[in-house]
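Worksheet: the structure to be examined is printed underneath.
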Amino acid sequence: MPRVLLIEDDHAVRRGLQLALRHQGHEVFTASTGEEGLERFAAVGPDVVVLDLMLPGIAGLDVCRRLRERDQVPIIIVTARGDDIDVVVGLEAGADDYVIKPVQARVLEARIRAVLRRLGTPSPESARPRAEAHGELTIDRGGLTVTHQGEPVLLAPSELRLLLTLSASPGQVLSRQQLLEAVWEHSYHGDIRLVDACVKRLRGKLGELSGDPRYIQTVRGFGYRFRPASLPA
């Protein structure tokens, strides 16, 4: 039974989502402030966190950053406006996905199921060798681990899935919409900010320079491609 930590200060919203998620088979823990959310996280060890950005006390963005510093648990942020700058900031702070208020329980449930599937989903190219070396980057598709310069790279589920998807087809350009469908399972014309923010976080963890990315390259006007050491720039 997936364990969900719901951090939401509005009692009515919190109670409604708690009942809906329980009905879908989740074990749901709740918190009404940022401080309480961090305490509950340490106590229950949830499988996924649903985090409202507008919280009393410690703000939702700070909670997101603190959680990401200590754990790679999937985080879905809740925001009041889809065009709010908080969406981009939240994604860059480490969130894996987001939903817009008023939250529809069926949408949130679908996002939770999708992000949990990323935790154990192998690479799209399961026939590839167990470990692939791309210069200083090693990707173990079987073990779902990544090392850079011999050191483990801790990746959130969306970051790992994005790297696996891009590196499965070296040199091939994938559009943002293709990546959105493959990584986030958003089959509609979704929000490409999810892709761009995740690429930015992934590049940072791989030590890539913003002006000269080594592995994940931008193809302007289209999308991204993975360039291993064997392919020219």
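Numbering starts fresh at 1 for the residues of each chain in the structure tokens, the chains themselves are lettered A, B, ... in the order given, and ligands are numbered from 1 as they appear.
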For stretch 33-35 of chain A, work out the shell of residues within 9 Å, counting only C-alpha atoms and skipping chain neighbours fewer than 4 positions away, then give it as a PyMOL selection string. chain A and resi 7-9+39-40+55-60+62-63
Shell of 10 Å around stretch 145-159 of chain A, only C-alpha atoms, local chain residues under 2 positions omitted, as a ChimeraX atom specification: /A:68,71-75,94-97,115-121,131-143,161-165,183-184,194-195,197-203,205-207
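All residues within stretch 121-182 of chain A that the backbone DSSP calculation assigns to strand (DSSP E) are A:Ala131, A:Glu132, A:Ala133, A:His134, A:Leu137, A:Thr138, A:Ile139, A:Asp140, A:Thr145, A:Val146, A:Thr147, A:His148, A:Glu151, A:Pro152, A:Leu174, A:Ser175.
If only C-alpha atoms are the atoms counted, then among A:Ile100, A:Ala114, A:Leu6, A:Ala43 the closest residue to A:Asp86 is A:Ile100.
Using only C-alpha atoms, the smallest distance between any of A:Phe41, A:Arg113, A:Val13, A:Pro46 and A:Lys101 comes from A:Val13.
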Nearest to A:Leu160, restricted to only C-alpha atoms and choosing among A:Leu144, A:Val99, A:Ala31, A:Val50, comes out as A:Leu144
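With distances restricted to only C-alpha atoms, A:Ala80 is the closest residue to A:Met54 from A:Val173, A:Leu67, A:Val28, A:Ala80.
Residues lying within 12 Å of A:Thr218, counting only C-alpha atoms and ignoring same-chain neighbours fewer than 4 positions away, are Leu166, Gly171, Gln172, Val173, Leu174, Ser175, Arg176, Val195, Asp196, Val199, Lys200, Arg203, Ser210, Gly211, Asp212, Pro213, Arg214, Phe222, Gly223, Tyr224, Arg225, Phe226, Arg227 and Ala233 of chain A.
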Could you save the residues just selected, with N, CA and C atoms, as a short mmCIF file (atom, residue, chain, number, x, y, z; two decimals), in the first residue's frame?
data_model
loop_
_atom_site.label_atom_id
_atom_site.label_comp_id
_atom_site.auth_asym_id
_atom_site.auth_seq_id
_atom_site.Cartn_x
_atom_site.Cartn_y
_atom_site.Cartn_z
N LEU A 166 16.74 9.54 -22.48
CA LEU A 166 17.61 10.22 -23.44
C LEU A 166 18.79 9.35 -23.85
N GLY A 171 22.43 10.44 -29.47
CA GLY A 171 22.46 11.23 -30.69
C GLY A 171 21.09 11.55 -31.26
N GLN A 172 20.07 10.85 -30.82
CA GLN A 172 18.72 11.10 -31.34
C GLN A 172 18.08 12.25 -30.60
N VAL A 173 17.49 13.17 -31.36
CA VAL A 173 16.82 14.32 -30.75
C VAL A 173 15.40 13.93 -30.38
N LEU A 174 15.04 14.19 -29.13
CA LEU A 174 13.69 13.93 -28.65
C LEU A 174 13.02 15.26 -28.30
N SER A 175 11.81 15.44 -28.79
CA SER A 175 11.10 16.68 -28.50
C SER A 175 10.67 16.72 -27.04
N ARG A 176 10.36 17.91 -26.56
CA ARG A 176 9.88 18.04 -25.19
C ARG A 176 8.59 17.25 -24.99
N VAL A 195 9.80 19.40 -18.30
CA VAL A 195 10.99 18.87 -18.98
C VAL A 195 12.18 19.80 -18.78
N ASP A 196 11.99 21.08 -19.04
CA ASP A 196 13.10 22.03 -18.96
C ASP A 196 13.68 22.12 -17.54
N VAL A 199 15.66 18.91 -16.81
CA VAL A 199 16.94 18.94 -17.51
C VAL A 199 17.93 19.83 -16.76
N LYS A 200 17.47 20.97 -16.30
CA LYS A 200 18.34 21.89 -15.57
C LYS A 200 18.88 21.24 -14.30
N ARG A 203 21.38 18.37 -15.27
CA ARG A 203 22.67 18.91 -15.69
C ARG A 203 23.50 19.33 -14.49
N SER A 210 26.49 25.36 -17.77
CA SER A 210 25.26 25.81 -18.42
C SER A 210 25.48 26.22 -19.88
N GLY A 211 26.64 26.79 -20.18
CA GLY A 211 26.90 27.22 -21.54
C GLY A 211 27.48 26.15 -22.44
N ASP A 212 27.92 25.05 -21.86
CA ASP A 212 28.55 24.00 -22.65
C ASP A 212 28.25 22.63 -22.05
N PRO A 213 26.97 22.21 -22.12
CA PRO A 213 26.59 20.92 -21.54
C PRO A 213 27.29 19.77 -22.25
N ARG A 214 27.82 18.83 -21.48
CA ARG A 214 28.59 17.73 -22.03
C ARG A 214 27.72 16.58 -22.51
N PHE A 222 13.38 22.52 -30.70
CA PHE A 222 12.83 21.16 -30.78
C PHE A 222 12.88 20.44 -29.44
N GLY A 223 14.08 20.16 -28.94
CA GLY A 223 14.15 19.40 -27.71
C GLY A 223 15.56 19.15 -27.24
N TYR A 224 15.87 17.90 -26.89
CA TYR A 224 17.16 17.55 -26.31
C TYR A 224 17.69 16.25 -26.91
N ARG A 225 19.01 16.10 -26.80
CA ARG A 225 19.62 14.84 -27.19
C ARG A 225 20.74 14.51 -26.22
N PHE A 226 21.04 13.21 -26.11
CA PHE A 226 22.14 12.75 -25.27
C PHE A 226 23.34 12.49 -26.16
N ARG A 227 24.47 13.08 -25.78
CA ARG A 227 25.69 12.89 -26.58
C ARG A 227 26.76 12.22 -25.73
N ALA A 233 30.40 16.65 -31.19
CA ALA A 233 29.52 17.73 -30.69
C ALA A 233 28.62 18.26 -31.79
#
